[in-house]
$ cat protein18.tsv   # TSV, C-alpha atoms
chain	number	residue	atom	x	y	z
A	139	MET	CA	189.98	110.64	46.99
A	140	ALA	CA	188.37	114.04	46.50
A	141	ASN	CA	186.71	112.79	43.33
A	142	LEU	CA	184.28	110.75	45.42
A	143	LEU	CA	180.97	112.16	46.64
A	144	THR	CA	180.44	108.96	48.66
A	145	ASP	CA	182.60	106.52	50.61
A	146	ARG	CA	182.43	102.85	51.59
A	147	ALA	CA	180.58	103.64	54.83
A	148	PHE	CA	177.89	105.44	52.83
A	149	TRP	CA	177.32	102.40	50.62
A	150	VAL	CA	177.38	99.93	53.51
A	151	ASN	CA	174.70	102.01	55.28
A	152	TYR	CA	172.79	102.52	52.04
A	153	TRP	CA	172.50	98.83	51.22
A	154	GLU	CA	171.92	97.77	54.82
A	155	SER	CA	168.91	100.12	54.87
A	156	LYS	CA	167.38	98.27	51.93
A	157	LYS	CA	164.98	95.38	52.43
A	158	GLY	CA	163.91	92.72	49.97
A	159	LEU	CA	166.87	93.15	47.63
A	160	ALA	CA	166.50	89.64	46.21
A	161	VAL	CA	163.75	90.13	43.62
A	162	GLN	CA	162.85	88.52	40.32
A	163	ILE	CA	164.23	90.65	37.49
A	164	PRO	CA	161.57	90.94	34.77
A	165	SER	CA	162.26	90.64	31.05
A	166	ASN	CA	161.04	94.25	30.63
A	167	TYR	CA	163.46	95.68	33.18
A	168	VAL	CA	164.37	99.37	32.74
A	169	PHE	CA	166.52	99.90	29.60
A	170	HIS	CA	165.79	96.34	28.42
A	171	LYS	CA	165.01	97.40	24.84
A	172	GLN	CA	168.21	99.41	24.55
A	173	LEU	CA	170.34	96.62	26.00
A	174	GLU	CA	168.74	93.94	23.83
A	175	GLU	CA	169.42	96.07	20.76
A	176	VAL	CA	173.05	96.68	21.74
A	177	VAL	CA	173.68	92.98	22.34
A	178	LYS	CA	172.00	91.88	19.12
A	179	GLN	CA	173.58	94.48	16.84
A	180	ASN	CA	177.10	94.05	18.21
A	181	ASN	CA	177.24	90.29	18.76
A	182	ILE	CA	178.13	90.84	22.41
A	183	GLN	CA	179.29	87.82	24.39
A	184	THR	CA	180.90	89.29	27.52
A	185	ALA	CA	179.80	92.14	29.79
A	186	ILE	CA	180.78	93.82	33.06
A	187	GLU	CA	178.51	95.88	35.28
A	188	LEU	CA	180.47	98.51	37.19
A	189	GLY	CA	179.22	99.72	40.56
A	190	GLY	CA	176.18	97.53	40.23
A	191	PHE	CA	175.74	95.69	43.55
A	192	PRO	CA	173.56	93.71	44.12
A	193	GLY	CA	173.78	93.05	40.38
A	194	TYR	CA	170.33	93.57	38.86
A	195	TYR	CA	171.67	94.33	35.40
A	196	ALA	CA	174.26	91.58	35.58
A	197	VAL	CA	171.39	89.19	36.37
A	198	PHE	CA	169.28	90.62	33.53
A	199	LEU	CA	172.11	90.19	31.02
A	200	ARG	CA	172.80	86.63	32.16
A	201	LYS	CA	169.20	85.51	32.59
A	202	TYR	CA	167.67	86.91	29.42
A	203	LEU	CA	170.60	87.53	27.04
A	204	GLN	CA	172.87	84.62	28.12
A	205	LEU	CA	176.01	86.75	28.37
A	206	ASP	CA	179.19	85.88	30.25
A	207	VAL	CA	178.78	88.49	32.99
A	208	THR	CA	180.99	90.07	35.65
A	209	LEU	CA	179.89	92.36	38.50
A	210	LEU	CA	182.43	94.84	39.90
A	211	ASP	CA	181.75	97.04	42.91
A	212	TYR	CA	183.46	98.69	45.86
A	213	PHE	CA	181.08	96.86	48.19
A	214	VAL	CA	179.71	93.39	47.50
A	215	HIS	CA	177.85	91.28	50.08
A	216	PRO	CA	177.88	87.72	48.65
A	217	PRO	CA	174.82	86.39	50.55
A	218	VAL	CA	172.67	89.11	48.95
A	219	VAL	CA	174.07	88.39	45.47
A	220	ASN	CA	173.56	84.66	45.90
A	221	GLU	CA	170.00	85.13	47.11
A	222	LEU	CA	169.31	87.35	44.09
A	223	LEU	CA	170.77	84.74	41.77
A	224	GLY	CA	168.65	82.00	43.32
A	225	LYS	CA	165.53	84.11	43.00
A	226	ASN	CA	166.21	84.33	39.27
A	227	GLY	CA	167.01	80.70	38.67
A	228	LEU	CA	170.76	81.28	38.43
A	229	LYS	CA	173.70	79.68	40.23
A	230	GLU	CA	176.56	81.27	42.14
A	231	GLN	CA	178.99	80.57	39.30
A	232	ASP	CA	176.76	82.28	36.74
A	233	ILE	CA	178.18	85.71	37.60
A	234	HIS	CA	181.82	86.56	38.24
A	235	ILE	CA	182.36	88.92	41.20
A	236	ILE	CA	185.14	91.49	41.60
A	237	GLU	CA	185.08	93.49	44.84
A	238	THR	CA	187.58	96.31	44.45
A	239	ASP	CA	188.19	100.03	44.35
A	240	LEU	CA	187.71	101.18	40.76
A	241	PHE	CA	190.38	103.86	41.33
A	242	SER	CA	193.15	101.41	42.12
A	243	TYR	CA	192.11	98.39	40.05
A	244	GLN	CA	193.78	97.70	36.72
A	245	PRO	CA	191.47	95.73	34.40
A	246	GLU	CA	192.76	92.20	33.90
A	247	LYS	CA	190.60	91.78	30.80
A	248	GLN	CA	188.32	93.81	28.57
A	249	TYR	CA	184.67	93.22	27.68
A	250	ASP	CA	182.33	93.51	24.71
A	251	LEU	CA	179.93	95.56	26.85
A	252	VAL	CA	180.76	97.82	29.79
A	253	LEU	CA	177.67	98.94	31.67
A	254	SER	CA	176.87	101.13	34.65
A	255	CYS	CA	173.52	102.43	35.82
A	256	GLY	CA	173.54	105.16	38.44
A	257	LEU	CA	177.29	105.27	39.09
A	258	ILE	CA	179.07	108.15	37.36
A	259	GLU	CA	176.96	110.86	39.03
A	260	HIS	CA	178.53	110.00	42.39
A	261	PHE	CA	181.90	111.39	41.30
A	262	ASN	CA	183.07	114.97	40.94
A	263	ASP	CA	185.29	114.35	37.92
A	264	THR	CA	182.91	113.05	35.25
A	265	ALA	CA	185.57	112.71	32.56
A	266	ASP	CA	187.79	110.65	34.85
A	267	ILE	CA	185.11	108.14	35.83
A	268	ILE	CA	183.99	107.70	32.22
A	269	LYS	CA	187.59	107.07	31.16
A	270	ARG	CA	187.83	104.39	33.84
A	271	HIS	CA	184.83	102.73	32.21
A	272	ILE	CA	186.49	102.96	28.80
A	273	ALA	CA	189.54	101.10	30.11
A	274	PHE	CA	187.33	98.00	30.45
A	275	VAL	CA	185.94	98.21	26.90
A	276	LYS	CA	187.41	95.83	24.33
A	277	PRO	CA	188.33	97.38	20.94
A	278	GLY	CA	185.09	97.28	18.97
A	279	GLY	CA	183.16	97.01	22.24
A	280	THR	CA	180.30	99.14	23.56
A	281	LEU	CA	180.02	101.53	26.47
A	282	PHE	CA	176.51	101.87	27.97
A	283	ILE	CA	175.97	104.29	30.86
A	284	THR	CA	172.76	105.53	32.46
A	285	LEU	CA	172.28	108.07	35.21
A	286	PRO	CA	169.36	109.93	36.78
A	287	ASN	CA	168.36	113.35	35.49
A	288	PHE	CA	168.11	115.52	38.61
A	289	LYS	CA	167.74	118.62	36.43
A	290	ALA	CA	164.18	117.43	35.85
A	291	VAL	CA	161.15	117.51	38.16
A	292	ASN	CA	162.54	114.50	39.98
A	293	GLY	CA	165.61	116.52	40.93
A	294	TRP	CA	163.43	119.24	42.46
A	295	PHE	CA	161.68	116.51	44.42
A	296	GLN	CA	164.99	115.06	45.65
A	297	ARG	CA	166.40	118.46	46.57
A	298	ASN	CA	163.35	119.41	48.63
A	299	PHE	CA	162.48	116.11	50.27
A	300	ASP	CA	165.76	114.16	50.39
A	301	LYS	CA	168.54	116.75	50.40
A	302	GLU	CA	171.06	114.34	51.92
A	303	ASN	CA	170.68	111.97	48.98
A	304	TYR	CA	170.59	114.84	46.47
A	305	ASP	CA	173.94	116.12	47.76
A	306	LYS	CA	175.55	112.74	47.01
A	307	HIS	CA	175.08	113.45	43.29
A	308	ASN	CA	177.10	115.56	40.88
A	309	ILE	CA	174.29	117.50	39.18
A	310	ASN	CA	176.69	118.94	36.60
A	311	SER	CA	177.30	115.43	35.24
A	312	MET	CA	173.65	115.22	34.19
A	313	ASN	CA	174.26	116.88	30.85
A	314	PRO	CA	173.99	114.78	27.64
A	315	GLU	CA	176.18	117.16	25.65
A	316	LEU	CA	178.92	117.05	28.29
A	317	LEU	CA	178.83	113.26	28.34
A	318	LYS	CA	178.98	113.10	24.56
A	319	SER	CA	181.94	115.50	24.39
A	320	ILE	CA	183.90	113.44	26.96
A	321	CYS	CA	183.45	110.29	24.87
A	322	LEU	CA	184.40	112.01	21.63
A	323	GLU	CA	187.53	113.48	23.22
A	324	ALA	CA	188.42	109.99	24.46
A	325	GLY	CA	188.31	108.73	20.88
A	326	LEU	CA	185.03	106.82	20.99
A	327	LYS	CA	182.72	106.72	17.99
A	328	GLU	CA	178.98	106.37	17.29
A	329	VAL	CA	178.33	108.38	20.46
A	330	LYS	CA	174.68	108.82	21.42
A	331	SER	CA	173.61	110.73	24.51
A	332	GLY	CA	170.14	111.90	25.46
A	333	TYR	CA	167.20	111.90	27.84
A	334	PHE	CA	165.21	108.73	28.47
A	335	GLY	CA	161.73	108.17	29.86
A	336	ARG	CA	158.78	110.52	29.83
A	337	PHE	CA	158.31	111.03	33.55
A	338	SER	CA	158.95	109.59	36.99
A	339	VAL	CA	159.75	110.69	40.53
A	340	TRP	CA	161.11	108.60	43.40
A	341	LEU	CA	162.53	108.85	46.89
A	342	GLU	CA	165.08	106.61	48.59
A	343	ASN	CA	163.55	104.79	51.58
A	344	GLU	CA	160.18	106.32	50.81
A	345	ASN	CA	158.49	104.41	53.64
A	346	GLN	CA	160.53	106.48	56.12
A	347	LYS	CA	159.09	109.76	54.83
A	348	SER	CA	156.04	111.44	56.36
A	349	ALA	CA	152.56	110.56	55.14
A	350	GLY	CA	152.24	114.07	53.70
A	351	VAL	CA	155.40	113.72	51.62
A	352	ARG	CA	154.34	110.29	50.36
A	353	LEU	CA	150.90	111.58	49.33
A	354	PHE	CA	152.41	114.61	47.60
A	355	LYS	CA	154.89	112.41	45.76
A	356	LYS	CA	152.05	110.17	44.56
A	357	ALA	CA	150.06	113.18	43.37
A	358	VAL	CA	153.06	114.53	41.45
A	359	TRP	CA	153.71	111.11	39.95
A	360	VAL	CA	150.12	110.72	38.73
A	361	THR	CA	150.00	114.27	37.35
A	362	GLY	CA	153.28	113.80	35.52
A	363	LYS	CA	152.19	110.49	33.99
A	364	VAL	CA	148.96	112.06	32.69
A	365	LEU	CA	150.82	115.08	31.29
A	366	THR	CA	153.40	112.98	29.47
A	367	LYS	CA	150.69	110.89	27.84
A	368	ILE	CA	149.44	114.11	26.30
A	369	ILE	CA	152.98	115.29	25.48
A	370	PRO	CA	154.77	111.98	24.73
A	371	PHE	CA	158.45	112.80	24.32
A	372	GLU	CA	161.68	112.85	26.30
A	373	SER	CA	162.88	116.19	27.67
A	374	GLN	CA	165.30	117.74	30.15
A	375	ALA	CA	162.41	119.04	32.25
A	376	LEU	CA	160.57	115.74	32.70
A	377	SER	CA	162.64	112.69	31.72
A	378	PRO	CA	163.99	110.80	34.75
A	379	TYR	CA	167.11	109.35	33.09
A	380	ILE	CA	169.98	110.02	30.70
A	381	ILE	CA	171.51	107.31	28.49
A	382	LEU	CA	175.03	107.46	27.06
A	383	GLN	CA	176.13	104.93	24.46
A	384	ALA	CA	179.36	104.72	22.44
A	385	LYS	CA	181.76	102.32	20.75
A	386	LYS	CA	185.52	101.91	21.05
A	387	PRO	CA	187.28	101.81	17.67
A	388	LEU	CA	188.94	98.56	16.63
$ encode --input "protein18.tsv" --output "structure tokens"
Amino acid sequence: MANLLTDRAFWVNYWESKKGLAVQIPSNYVFHKQLEEVVKQNNIQTAIELGGFPGYYAVFLRKYLQLDVTLLDYFVHPPVVNELLGKNGLKEQDIHIIETDLFSYQPEKQYDLVLSCGLIEHFNDTADIIKRHIAFVKPGGTLFITLPNFKAVNGWFQRNFDKENYDKHNINSMNPELLKSICLEAGLKEVKSGYFGRFSVWLENENQKSAGVRLFKKAVWVTGKVLTKIIPFESQALSPYIILQAKKPL
């Protein structure tokens, strides 16, 4: 599968390197305002999070918006999911789990909301992976995709201090106009695509980096936060994320 920039071994190693995955998901979780608005305006009842293990957004949607939620991923480790659910006052049956390869799975049902956060940039063929999302969207349903913006300062940081992680991302996919055009060509409507967030930088497994890198990252973070208070708007150069939103016609 040449379309993939990662494989199962990568994700097994990635998640096994993470500690403390079972956390309480706050009501103001990233993108919470956008998701609350989508759910309210579109009377959404069902949702699926693609590529979302351990299921933070699935938990958010169930815990705070009371949706019927499914989590689909190539790699799912049930003990981690169950611990996360327990941490958030949920039960095992509160989230449906599908562990499968998105490239061979045929959706058995469609959903009012199809969501992924940080998934599509791991594939070479951006149009193909978005169309696979669309296959899960019910007519009249909503597509909601977010991805990091590595064309911003954060991308420079990743490229210079975590090249291995940077190379697992399709930088060309991080283009709001490209994402919008793919959705329009696929027949979606009410397509919105743009930068989100004023500034942020991060590193995977930051505690494994040298003290010098961690201090530099903190200095850049503080400087960026101060700057974007003076210049408070989203931009390609500074915003850490991109949001794509669209609807499937009835």
$ residues_around --input "protein18.tsv" --residues "range 158-170 of chain A" --least-positions-apart "3" --cutoff "8 Å" --atoms "all atoms listed in the file" --output "ChimeraX atom specification"
/A:173-174,192,194,197-198,202,218-219,221-223,225-226
$ residues_around --input "protein18.tsv" --residues "range 321-332 of chain A" --least-positions-apart "4" --cutoff "12 Å" --atoms "only C-alpha atoms" --output "JSON, numbers by chain"
{"A": [172, 264, 265, 266, 267, 268, 269, 270, 271, 272, 273, 275, 276, 277, 278, 279, 280, 281, 282, 283, 284, 285, 286, 287, 312, 313, 314, 315, 316, 317, 371, 372, 373, 374, 377, 378, 379, 380, 381, 382, 383, 384, 385, 386, 387, 388]}
$ closest_residue --input "protein18.tsv" --among "A:Phe241, A:Phe295, A:Tyr195, A:Phe288" --to "Leu253 in chain A" --atoms "only C-alpha atoms"
A:Tyr195
$ axis_aligned_box --input "protein18.tsv" --around "range 225-240 of chain A" --padding-each-side "8 Å" --output "JSON"
{"center_x": 176.9, "center_y": 90.4, "center_z": 40.8, "size_x": 38.7, "size_y": 37.5, "size_z": 24.1}
$ residues_around --input "protein18.tsv" --residues "Leu188 in chain A" --least-positions-apart "2" --cutoff "6 Å" --atoms "all atoms listed in the file" --output "list in words"
Gly190, Leu210 and Ser254 of chain A
$ write_last_selection --input "protein18.tsv" --atoms "C-alpha atoms" --output "CSV table (one decimal), keeping the file's coordinate frame"
chain,number,residue,atom,x,y,z
A,190,GLY,CA,176.2,97.5,40.2
A,210,LEU,CA,182.4,94.8,39.9
A,254,SER,CA,176.9,101.1,34.6
$ residues_around --input "protein18.tsv" --residues "Lys356 in chain A" --least-positions-apart "5" --cutoff "10 Å" --atoms "only C-alpha atoms" --output "list in words"
Val339, Trp340, Gly350, Val351, Thr361 and Gly362 of chain A
$ closest_residue --input "protein18.tsv" --among "A:Asp250, A:Glu259, A:Glu237, A:Glu175" --to "Leu205 in chain A" --atoms "only C-alpha atoms"
A:Asp250
$ residues_around --input "protein18.tsv" --residues "Ile235 in chain A" --least-positions-apart "6" --cutoff "9 Å" --atoms "all atoms listed in the file" --output "number ranges by chain"
A: 207-211, 214, 216
$ atom_distance --input "protein18.tsv" --atom1 "CA of Lys156 in chain A" --atom2 "CA of Phe213 in chain A"
14.3 Å
$ atom_distance --input "protein18.tsv" --atom1 "CA of Lys289 in chain A" --atom2 "CA of Ile186 in chain A"
28.2 Å
$ closest_residue --input "protein18.tsv" --among "A:Lys171, A:His260, A:Lys229, A:Lys247" --to "Gly189 in chain A" --atoms "only C-alpha atoms"
A:His260
$ build_atoms --input "protein18.tsv" --residues "range 175-191 of chain A" --atoms "N, CA and C atoms" --output "short mmCIF file (atom, residue, chain, number, x, y, z; two decimals), in the frame of the given file"
data_model
loop_
_atom_site.label_atom_id
_atom_site.label_comp_id
_atom_site.auth_asym_id
_atom_site.auth_seq_id
_atom_site.Cartn_x
_atom_site.Cartn_y
_atom_site.Cartn_z
N GLU A 175 168.99 95.57 22.06
CA GLU A 175 169.42 96.07 20.76
C GLU A 175 170.94 96.11 20.66
N VAL A 176 171.58 96.60 21.71
CA VAL A 176 173.05 96.68 21.74
C VAL A 176 173.66 95.29 21.60
N VAL A 177 173.15 94.34 22.36
CA VAL A 177 173.68 92.98 22.34
C VAL A 177 173.49 92.33 20.98
N LYS A 178 172.31 92.50 20.40
CA LYS A 178 172.00 91.88 19.12
C LYS A 178 172.82 92.49 17.98
N GLN A 179 172.90 93.80 17.95
CA GLN A 179 173.58 94.48 16.84
C GLN A 179 175.10 94.32 16.88
N ASN A 180 175.64 94.08 18.07
CA ASN A 180 177.10 94.05 18.21
C ASN A 180 177.67 92.68 18.54
N ASN A 181 176.81 91.66 18.48
CA ASN A 181 177.24 90.29 18.76
C ASN A 181 178.01 90.20 20.07
N ILE A 182 177.45 90.78 21.10
CA ILE A 182 178.13 90.84 22.41
C ILE A 182 178.06 89.50 23.13
N GLN A 183 179.19 89.09 23.67
CA GLN A 183 179.29 87.82 24.39
C GLN A 183 179.65 88.03 25.86
N THR A 184 180.45 89.06 26.15
CA THR A 184 180.90 89.29 27.52
C THR A 184 180.49 90.69 27.98
N ALA A 185 180.22 90.84 29.26
CA ALA A 185 179.80 92.14 29.79
C ALA A 185 180.26 92.28 31.23
N ILE A 186 180.48 93.52 31.65
CA ILE A 186 180.78 93.82 33.06
C ILE A 186 179.90 94.97 33.50
N GLU A 187 179.29 94.81 34.66
CA GLU A 187 178.51 95.88 35.28
C GLU A 187 179.36 96.51 36.36
N LEU A 188 179.66 97.79 36.21
CA LEU A 188 180.47 98.51 37.19
C LEU A 188 179.58 99.20 38.21
N GLY A 189 179.97 99.06 39.50
CA GLY A 189 179.22 99.72 40.56
C GLY A 189 177.79 99.26 40.65
N GLY A 190 177.57 97.97 40.39
CA GLY A 190 176.18 97.53 40.23
C GLY A 190 175.60 96.67 41.35
N PHE A 191 176.29 96.53 42.48
CA PHE A 191 175.74 95.69 43.55
C PHE A 191 174.31 96.12 43.87
#
